[in-house]
Amino acid sequence: MSDVGVSEVRCPACEGDVEIDSSTRQFEIVECPDCRSELEVIGLSPMTLALAPEVDEDWGE
Amino acid sequence: MAADRLRVAVFGASGYVGGELLRLLLGHPQVEIAAATSTRYAGRPVGTVHPNLRGLTGLRFRSPEEMGGFDVVFLAAELQTAIKVGADLAKRNECLIDLSPAYRLRDPAVFERYYGTAHTAPELLGSFVSGHPEDNRAALRTARLVSVPGCMVIATLIALRPFAADDLVDGDVIVDCRIGSSGSGAAAERLNLHAERSGALRVFAPHGHRHEAEVCQASGLAVRMTATGVEAVRGAQVVCHVPLRRPLSEVEIRRLYRDAYADEPFVRVIAQRRGLYRLPEPKILIGSNFCDVGFSVTPDGRRVVAVAALDNLMKGSAGTGVQCLNIRMGWPERLGLAFAGLHPI
Ligand SMILES: NC(=O)c1ccc[n+]([C@@H]2O[C@H](COP(=O)([O-])OP(=O)(O)OC[C@H]3O[C@@H](n4cnc5c(N)ncnc54)[C@H](OP(=O)(O)O)[C@@H]3O)[C@@H](O)[C@H]2O)c1
Ligand SMILES: [Zn+2]
């Protein structure tokens, strides 16, 4: 077990808690465990997340 | 077999719900199946009818006469039989958990309107506690008579509860239900012939489905239901269109669901923005006791599309029946029910 620190950040889409460890770098993509949004780390101090651009899928048109 | 196990009986054990009850109860650490009834298969091993249970038990069906002295009886017969035997089973056994529609509605007039025939034991209506743990856990702890709601009712009540409880609904709620062929029971015969059922998208109840009356009674909402038989053996899904009194954001609605179900052992809030399974779908719930619930809200925040899914033979009937038993006995609610569904399936 390494002792990297973990901080909890609010998901901007659903307000769920997203855990981010201190080794995370700027512009990395993390996933919200709740709504599964892809979130981009746009700031490190304070840790700030934004919705990453996504491609929609369509099951029928 | 441990002497202190609870002695339970399944009345109507040769049907689909009965078979699922046997499967669950055989794996339950605190019970012993003391009787399993069938009129047609009395004397034959239960594996004759339920091949998945072969080799797991020496249990044989017995005829349904003289069913008394059990700690708990699960009643899984069709409606008219359940109405006929309910009073006697209630009198002669410690506890009765009914899976049929016989004692779900409280008002005999509503029963007659939805079932097209008068209830022949109306004095019993209103004496059963609703077997819907998500709304009724406290009453179930001491209940002697329990009536488990219909499968599509359970899913719908779970989907609508956050809005009904907070008086957020403005107008009729439209509920579009889809259900697999096992929902019709093993006696469905012609209805479920492969030739008739395969490929079906059959709108068998465009309005006035019997479950509509149950949802209205339990939620206090004006609900209109449509039911469609789909290409699946197990599974039910409800898509509920809910008009809101005031606009709500996605975040607010998610919070309502989180608050409503944070402590529920079998309700998962599933509303994802990515992935294949973004909203609840029965496919991955097959064989499990989970009810998944999720939603999407229109951009103006005025209408929620709430979706819930479950396995009709599990959380939709037998699984909830065993969950009620666990609550009634003060056992951990997940006992004998904790397993996940299958994936892929
Ligand atoms: N299927 C579902 O998804 C579902 C979900 C929720 C609730 N339910 C309710 O649960 C109950 C059982 O449903 P099911 O789908 O399992 O139906 P099913 O497969 O048709 O089984 C009906 C059971 O009732 C027994 N039975 C029929 N006539 C009888 C009689 N005259 N005396 C004694 N027993 C009799 C049958 O056994 P024998 O014919 O061998 O005696 C069989 O075991 C129904 O009330 C149904 O509405 C079903
Ligand atoms: Zn999220």
# chains A, B, ... in the order shown; residues from 1 in each chain; ligands from 1
$ residues_near_ligand --ligand "ligand 1" --cutoff "7 Å" --atoms "only C-alpha atoms and all ligand atoms" --output "PyMOL selection string"
chain B and resi 11-18+37-41+64+76-79+81+99-101+150-151+182-188+312-313+316-317
$ residues_around --residues "Ser7 (chain A)" --least-positions-apart "5" --cutoff "9 Å" --atoms "only C-alpha atoms" --output "list in words"
Val18, Glu19, Ile20, Asp21, Ser22 and Met47 of chain A
$ write_last_selection --atoms "all heavy atoms" --output "PDB file, in the first residue's frame"
ATOM      1  N   VAL A  18     -16.382  12.115  -5.898  1.00  0.00           N
ATOM      2  CA  VAL A  18     -15.374  11.480  -6.744  1.00  0.00           C
ATOM      3  C   VAL A  18     -14.056  11.517  -5.980  1.00  0.00           C
ATOM      4  O   VAL A  18     -13.608  12.587  -5.561  1.00  0.00           O
ATOM      5  CB  VAL A  18     -15.232  12.238  -8.085  1.00  0.00           C
ATOM      6  CG1 VAL A  18     -14.298  11.493  -9.026  1.00  0.00           C
ATOM      7  CG2 VAL A  18     -16.593  12.444  -8.733  1.00  0.00           C
ATOM      8  N   GLU A  19     -13.454  10.353  -5.780  1.00  0.00           N
ATOM      9  CA  GLU A  19     -12.180  10.300  -5.063  1.00  0.00           C
ATOM     10  C   GLU A  19     -11.029  10.485  -6.042  1.00  0.00           C
ATOM     11  O   GLU A  19     -10.961   9.803  -7.064  1.00  0.00           O
ATOM     12  CB  GLU A  19     -12.035   8.955  -4.353  1.00  0.00           C
ATOM     13  CG  GLU A  19     -12.931   8.834  -3.140  1.00  0.00           C
ATOM     14  CD  GLU A  19     -12.615   7.588  -2.320  1.00  0.00           C
ATOM     15  OE1 GLU A  19     -11.814   6.760  -2.789  1.00  0.00           O
ATOM     16  OE2 GLU A  19     -13.182   7.469  -1.223  1.00  0.00           O
ATOM     17  N   ILE A  20     -10.139  11.378  -5.710  1.00  0.00           N
ATOM     18  CA  ILE A  20      -9.003  11.633  -6.588  1.00  0.00           C
ATOM     19  C   ILE A  20      -7.722  11.554  -5.772  1.00  0.00           C
ATOM     20  O   ILE A  20      -7.611  12.211  -4.735  1.00  0.00           O
ATOM     21  CB  ILE A  20      -9.141  13.029  -7.228  1.00  0.00           C
ATOM     22  CG1 ILE A  20     -10.486  13.059  -7.965  1.00  0.00           C
ATOM     23  CG2 ILE A  20      -7.964  13.317  -8.154  1.00  0.00           C
ATOM     24  CD1 ILE A  20     -10.588  14.063  -9.039  1.00  0.00           C
ATOM     25  N   ASP A  21      -6.766  10.737  -6.224  1.00  0.00           N
ATOM     26  CA  ASP A  21      -5.538  10.654  -5.423  1.00  0.00           C
ATOM     27  C   ASP A  21      -4.544  11.730  -5.864  1.00  0.00           C
ATOM     28  O   ASP A  21      -4.631  12.279  -6.961  1.00  0.00           O
ATOM     29  CB  ASP A  21      -4.959   9.229  -5.413  1.00  0.00           C
ATOM     30  CG  ASP A  21      -4.392   8.818  -6.735  1.00  0.00           C
ATOM     31  OD1 ASP A  21      -3.528   9.533  -7.245  1.00  0.00           O
ATOM     32  OD2 ASP A  21      -4.824   7.764  -7.255  1.00  0.00           O
ATOM     33  N   SER A  22      -3.616  11.972  -4.968  1.00  0.00           N
ATOM     34  CA  SER A  22      -2.763  13.151  -5.130  1.00  0.00           C
ATOM     35  C   SER A  22      -1.788  13.022  -6.290  1.00  0.00           C
ATOM     36  O   SER A  22      -1.163  13.994  -6.699  1.00  0.00           O
ATOM     37  CB  SER A  22      -2.010  13.424  -3.823  1.00  0.00           C
ATOM     38  OG  SER A  22      -1.280  12.259  -3.485  1.00  0.00           O
ATOM     39  N   MET A  47      -8.449  21.207  -6.321  1.00  0.00           N
ATOM     40  CA  MET A  47      -8.779  20.174  -7.307  1.00  0.00           C
ATOM     41  C   MET A  47     -10.120  20.533  -7.957  1.00  0.00           C
ATOM     42  O   MET A  47     -11.123  20.686  -7.278  1.00  0.00           O
ATOM     43  CB  MET A  47      -8.896  18.830  -6.585  1.00  0.00           C
ATOM     44  CG  MET A  47      -9.037  17.653  -7.497  1.00  0.00           C
ATOM     45  SD  MET A  47      -7.564  17.282  -8.466  1.00  0.00           S
ATOM     46  CE  MET A  47      -6.561  16.375  -7.295  1.00  0.00           C
TER      47      MET A  47
END
$ interface_residues --of "chain B" --to "chain A" --cutoff "10 Å" --atoms "only C-alpha atoms" --output "PyMOL selection string"
chain B and resi 249-255+258+269-276+278
$ write_last_selection --atoms "N, CA and C atoms" --output "tab-separated table (two decimals), in the first residue's frame"
chain	number	residue	atom	x	y	z
B	249	SER	N	-34.02	20.18	-11.36
B	249	SER	CA	-32.82	19.91	-12.14
B	249	SER	C	-32.41	18.45	-11.97
B	250	GLU	N	-31.53	18.00	-12.84
B	250	GLU	CA	-31.01	16.64	-12.74
B	250	GLU	C	-30.39	16.39	-11.37
B	251	VAL	N	-29.64	17.37	-10.89
B	251	VAL	CA	-28.97	17.22	-9.60
B	251	VAL	C	-30.00	17.09	-8.46
B	252	GLU	N	-31.06	17.90	-8.52
B	252	GLU	CA	-32.09	17.82	-7.48
B	252	GLU	C	-32.78	16.46	-7.48
B	253	ILE	N	-33.07	15.97	-8.68
B	253	ILE	CA	-33.78	14.69	-8.76
B	253	ILE	C	-32.88	13.56	-8.28
B	254	ARG	N	-31.62	13.64	-8.66
B	254	ARG	CA	-30.68	12.62	-8.21
B	254	ARG	C	-30.60	12.61	-6.68
B	255	ARG	N	-30.65	13.80	-6.11
B	255	ARG	CA	-30.60	13.88	-4.65
B	255	ARG	C	-31.85	13.26	-4.03
B	258	ARG	N	-31.32	9.55	-4.21
B	258	ARG	CA	-30.27	9.13	-3.26
B	258	ARG	C	-30.82	9.11	-1.84
B	269	VAL	N	-29.69	3.16	-7.50
B	269	VAL	CA	-30.00	4.29	-8.38
B	269	VAL	C	-29.02	4.27	-9.54
B	270	ILE	N	-29.56	4.05	-10.73
B	270	ILE	CA	-28.73	3.90	-11.93
B	270	ILE	C	-29.19	4.94	-12.96
B	271	ALA	N	-28.43	6.00	-13.10
B	271	ALA	CA	-28.71	7.01	-14.13
B	271	ALA	C	-27.36	7.53	-14.56
B	272	GLN	N	-26.80	6.84	-15.54
B	272	GLN	CA	-25.42	7.13	-15.94
B	272	GLN	C	-25.41	7.92	-17.25
B	273	ARG	N	-24.35	8.68	-17.40
B	273	ARG	CA	-24.22	9.47	-18.63
B	273	ARG	C	-23.41	8.74	-19.68
B	274	ARG	N	-22.77	7.65	-19.29
B	274	ARG	CA	-21.97	6.89	-20.25
B	274	ARG	C	-22.18	5.41	-20.03
B	275	GLY	N	-21.75	4.63	-21.00
B	275	GLY	CA	-21.82	3.18	-20.85
B	275	GLY	C	-23.01	2.60	-21.58
B	276	LEU	N	-23.07	1.27	-21.61
B	276	LEU	CA	-24.14	0.61	-22.34
B	276	LEU	C	-25.43	0.57	-21.56
B	278	ARG	N	-27.23	2.59	-19.26
B	278	ARG	CA	-27.33	3.90	-18.62
B	278	ARG	C	-28.54	4.00	-17.71
$ residues_around --residues "Pro29 (chain B)" --least-positions-apart "5" --cutoff "10 Å" --atoms "only C-alpha atoms" --output "list in words"
Ala2, Arg5, Leu6, Leu335 and Gly336 of chain B
$ select_by_dssp --residues "region 277-332 of chain B" --states "alpha helix (DSSP H)" --output "ChimeraX atom specification"
/B:319-329
$ atom_distance --atom1 "CA of Val297 (chain B)" --atom2 "CA of His241 (chain B)"
9.8 Å
